[in-house]
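Novice: Shown below is the structure under consideration.
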Amino acid sequence: MARRKTKSESEFVLFDVLYEDGSRRSNRRVPSTELGGLDGDEPALAIIEAQDREIGAVSGQPRPAIKSLTRSPVR
């Protein structure tokens with residue numbers, strides 16, 4: 001049976017993040033409305049950095065700097 005595309009899949013673009021310390025986080029969500037245009041995927045970096053600051057503030061452990069950011073492969 002075919003799987004339907006849900007509303008949430010089209011609203012977000014998933015990114016894989018590689019940090020300076022070598023750690024990796026997969027499938028970080030960025031609203032698709034923030035991407036595209038002349039900047040392409042560039043706004044995703046600022047959005048994910050803001051998410052990391054929030055996560056670090058809540059957990060008490062700041063995240064390392066982002067080394068690279070790539071779109072997650074589509075399943």
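Residue numbering restarts at 1 for every chain of the structure tokens, chains are lettered A, B, ... in their displayed order, and ligands are numbered from 1 as they appear.
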As a PDB file with N, CA, C and O atoms, in the first residue's frame, please: every residue in chain A that a backbone DSSP assignment puts in helix (DSSP H, G or I).
Specialist:
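Below is the file that was written, result-v1.pdb:
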ATOM      1  N   LYS A   7       1.001  16.296   5.691  1.00  0.00           N
ATOM      2  CA  LYS A   7       1.128  17.748   5.643  1.00  0.00           C
ATOM      3  C   LYS A   7       2.475  18.195   6.206  1.00  0.00           C
ATOM      4  O   LYS A   7       3.109  19.092   5.678  1.00  0.00           O
ATOM      5  N   SER A   8       2.941  17.561   7.268  1.00  0.00           N
ATOM      6  CA  SER A   8       4.190  17.981   7.910  1.00  0.00           C
ATOM      7  C   SER A   8       5.404  17.755   7.018  1.00  0.00           C
ATOM      8  O   SER A   8       6.387  18.463   7.123  1.00  0.00           O
ATOM      9  N   GLU A   9       5.354  16.762   6.133  1.00  0.00           N
ATOM     10  CA  GLU A   9       6.490  16.499   5.250  1.00  0.00           C
ATOM     11  C   GLU A   9       6.684  17.615   4.238  1.00  0.00           C
ATOM     12  O   GLU A   9       7.799  17.905   3.846  1.00  0.00           O
ATOM     13  N   SER A  10       5.623  18.245   3.806  1.00  0.00           N
ATOM     14  CA  SER A  10       5.753  19.295   2.817  1.00  0.00           C
ATOM     15  C   SER A  10       6.017  20.650   3.469  1.00  0.00           C
ATOM     16  O   SER A  10       6.460  21.566   2.804  1.00  0.00           O
ATOM     17  N   GLU A  11       5.762  20.789   4.747  1.00  0.00           N
ATOM     18  CA  GLU A  11       5.969  22.052   5.442  1.00  0.00           C
ATOM     19  C   GLU A  11       7.406  22.246   5.888  1.00  0.00           C
ATOM     20  O   GLU A  11       7.813  23.366   6.151  1.00  0.00           O
ATOM     21  N   SER A  32       9.851  25.092   5.278  1.00  0.00           N
ATOM     22  CA  SER A  32      10.133  25.248   3.849  1.00  0.00           C
ATOM     23  C   SER A  32       9.842  26.662   3.365  1.00  0.00           C
ATOM     24  O   SER A  32      10.415  27.104   2.374  1.00  0.00           O
ATOM     25  N   THR A  33       9.002  27.397   4.078  1.00  0.00           N
ATOM     26  CA  THR A  33       8.701  28.772   3.682  1.00  0.00           C
ATOM     27  C   THR A  33       9.899  29.692   3.859  1.00  0.00           C
ATOM     28  O   THR A  33       9.961  30.752   3.238  1.00  0.00           O
ATOM     29  N   GLU A  34      10.864  29.301   4.691  1.00  0.00           N
ATOM     30  CA  GLU A  34      12.052  30.116   4.943  1.00  0.00           C
ATOM     31  C   GLU A  34      13.149  29.892   3.915  1.00  0.00           C
ATOM     32  O   GLU A  34      14.132  30.624   3.894  1.00  0.00           O
ATOM     33  N   GLU A  42      20.653  28.931   2.501  1.00  0.00           N
ATOM     34  CA  GLU A  42      21.440  29.710   3.447  1.00  0.00           C
ATOM     35  C   GLU A  42      20.691  30.071   4.732  1.00  0.00           C
ATOM     36  O   GLU A  42      21.271  30.020   5.814  1.00  0.00           O
ATOM     37  N   PRO A  43      19.406  30.448   4.666  1.00  0.00           N
ATOM     38  CA  PRO A  43      18.687  30.777   5.909  1.00  0.00           C
ATOM     39  C   PRO A  43      18.586  29.600   6.884  1.00  0.00           C
ATOM     40  O   PRO A  43      18.388  29.810   8.078  1.00  0.00           O
ATOM     41  N   ALA A  44      18.744  28.380   6.402  1.00  0.00           N
ATOM     42  CA  ALA A  44      18.645  27.206   7.269  1.00  0.00           C
ATOM     43  C   ALA A  44      19.734  27.228   8.335  1.00  0.00           C
ATOM     44  O   ALA A  44      19.493  26.807   9.473  1.00  0.00           O
ATOM     45  N   LEU A  45      20.911  27.727   7.998  1.00  0.00           N
ATOM     46  CA  LEU A  45      22.005  27.783   8.961  1.00  0.00           C
ATOM     47  C   LEU A  45      21.627  28.647  10.156  1.00  0.00           C
ATOM     48  O   LEU A  45      21.787  28.231  11.310  1.00  0.00           O
ATOM     49  N   ALA A  46      21.094  29.824   9.922  1.00  0.00           N
ATOM     50  CA  ALA A  46      20.695  30.711  11.014  1.00  0.00           C
ATOM     51  C   ALA A  46      19.570  30.104  11.844  1.00  0.00           C
ATOM     52  O   ALA A  46      19.562  30.223  13.080  1.00  0.00           O
ATOM     53  N   ILE A  47      18.639  29.433  11.190  1.00  0.00           N
ATOM     54  CA  ILE A  47      17.508  28.824  11.905  1.00  0.00           C
ATOM     55  C   ILE A  47      17.993  27.685  12.798  1.00  0.00           C
ATOM     56  O   ILE A  47      17.603  27.579  13.960  1.00  0.00           O
ATOM     57  N   ILE A  48      18.869  26.849  12.271  1.00  0.00           N
ATOM     58  CA  ILE A  48      19.379  25.718  13.062  1.00  0.00           C
ATOM     59  C   ILE A  48      20.281  26.217  14.186  1.00  0.00           C
ATOM     60  O   ILE A  48      20.263  25.667  15.291  1.00  0.00           O
ATOM     61  N   GLU A  49      21.065  27.270  13.946  1.00  0.00           N
ATOM     62  CA  GLU A  49      21.878  27.840  15.019  1.00  0.00           C
ATOM     63  C   GLU A  49      20.987  28.374  16.141  1.00  0.00           C
ATOM     64  O   GLU A  49      21.304  28.215  17.317  1.00  0.00           O
ATOM     65  N   ALA A  50      19.864  29.003  15.796  1.00  0.00           N
ATOM     66  CA  ALA A  50      18.924  29.493  16.810  1.00  0.00           C
ATOM     67  C   ALA A  50      18.318  28.322  17.587  1.00  0.00           C
ATOM     68  O   ALA A  50      18.175  28.392  18.815  1.00  0.00           O
ATOM     69  N   GLN A  51      17.987  27.230  16.884  1.00  0.00           N
ATOM     70  CA  GLN A  51      17.472  26.034  17.556  1.00  0.00           C
ATOM     71  C   GLN A  51      18.520  25.482  18.526  1.00  0.00           C
ATOM     72  O   GLN A  51      18.195  25.087  19.646  1.00  0.00           O
ATOM     73  N   ASP A  52      19.788  25.463  18.084  1.00  0.00           N
ATOM     74  CA  ASP A  52      20.871  24.965  18.937  1.00  0.00           C
ATOM     75  C   ASP A  52      21.039  25.822  20.185  1.00  0.00           C
ATOM     76  O   ASP A  52      21.306  25.304  21.270  1.00  0.00           O
ATOM     77  N   ARG A  53      20.907  27.141  20.047  1.00  0.00           N
ATOM     78  CA  ARG A  53      21.009  28.019  21.218  1.00  0.00           C
ATOM     79  C   ARG A  53      19.902  27.708  22.224  1.00  0.00           C
ATOM     80  O   ARG A  53      20.151  27.651  23.432  1.00  0.00           O
ATOM     81  N   GLU A  54      18.687  27.487  21.730  1.00  0.00           N
ATOM     82  CA  GLU A  54      17.576  27.135  22.621  1.00  0.00           C
ATOM     83  C   GLU A  54      17.819  25.805  23.314  1.00  0.00           C
ATOM     84  O   GLU A  54      17.603  25.672  24.513  1.00  0.00           O
ATOM     85  N   ILE A  55      18.281  24.813  22.546  1.00  0.00           N
ATOM     86  CA  ILE A  55      18.561  23.489  23.117  1.00  0.00           C
ATOM     87  C   ILE A  55      19.659  23.594  24.167  1.00  0.00           C
ATOM     88  O   ILE A  55      19.570  23.008  25.243  1.00  0.00           O
ATOM     89  N   GLY A  56      20.707  24.365  23.862  1.00  0.00           N
ATOM     90  CA  GLY A  56      21.808  24.543  24.803  1.00  0.00           C
ATOM     91  C   GLY A  56      21.373  25.254  26.071  1.00  0.00           C
ATOM     92  O   GLY A  56      21.825  24.923  27.176  1.00  0.00           O
ATOM     93  N   ALA A  57      20.481  26.236  25.943  1.00  0.00           N
ATOM     94  CA  ALA A  57      20.007  26.959  27.123  1.00  0.00           C
ATOM     95  C   ALA A  57      19.176  26.052  28.029  1.00  0.00           C
ATOM     96  O   ALA A  57      19.299  26.103  29.260  1.00  0.00           O
ATOM     97  N   VAL A  58      18.354  25.214  27.435  1.00  0.00           N
ATOM     98  CA  VAL A  58      17.503  24.319  28.224  1.00  0.00           C
ATOM     99  C   VAL A  58      18.327  23.208  28.866  1.00  0.00           C
ATOM    100  O   VAL A  58      18.132  22.869  30.034  1.00  0.00           O
ATOM    101  N   SER A  59      19.276  22.642  28.116  1.00  0.00           N
ATOM    102  CA  SER A  59      20.047  21.513  28.626  1.00  0.00           C
ATOM    103  C   SER A  59      21.226  21.941  29.491  1.00  0.00           C
ATOM    104  O   SER A  59      21.754  21.129  30.251  1.00  0.00           O
TER     105      SER A  59
END
Novice: Give the strand (DSSP E or B) residues of chain A, as assigned by DSSP on the backbone, as a list in words.
Specialist: Phe12, Val13, Leu14, Phe15, Asp16, Val17, Leu18, Tyr19, Arg24, Arg25, Ser26, Asn27, Arg28, Arg29, Val30, Pro31, Gly36, Gly40, Ile66, Lys67, Ser68, Leu69, Thr70 and Arg71 of chain A
Novice: Between A:Ser72, A:Lys67, A:Pro62, A:Gly37, which has the minimum distance to A:Phe12 (counting only C-alpha atoms)?
Specialist: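 Counting only C-alpha atoms, the residue closest to A:Phe12 is A:Ser72.
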Novice: Give me, please, the distance in Å between atom CA of A:Arg28 and atom CA of A:Gly60, quoted to one decimal.
Specialist: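 Answer for the atom CA of A:Arg28 to atom CA of A:Gly60 separation: 20.0 Å.
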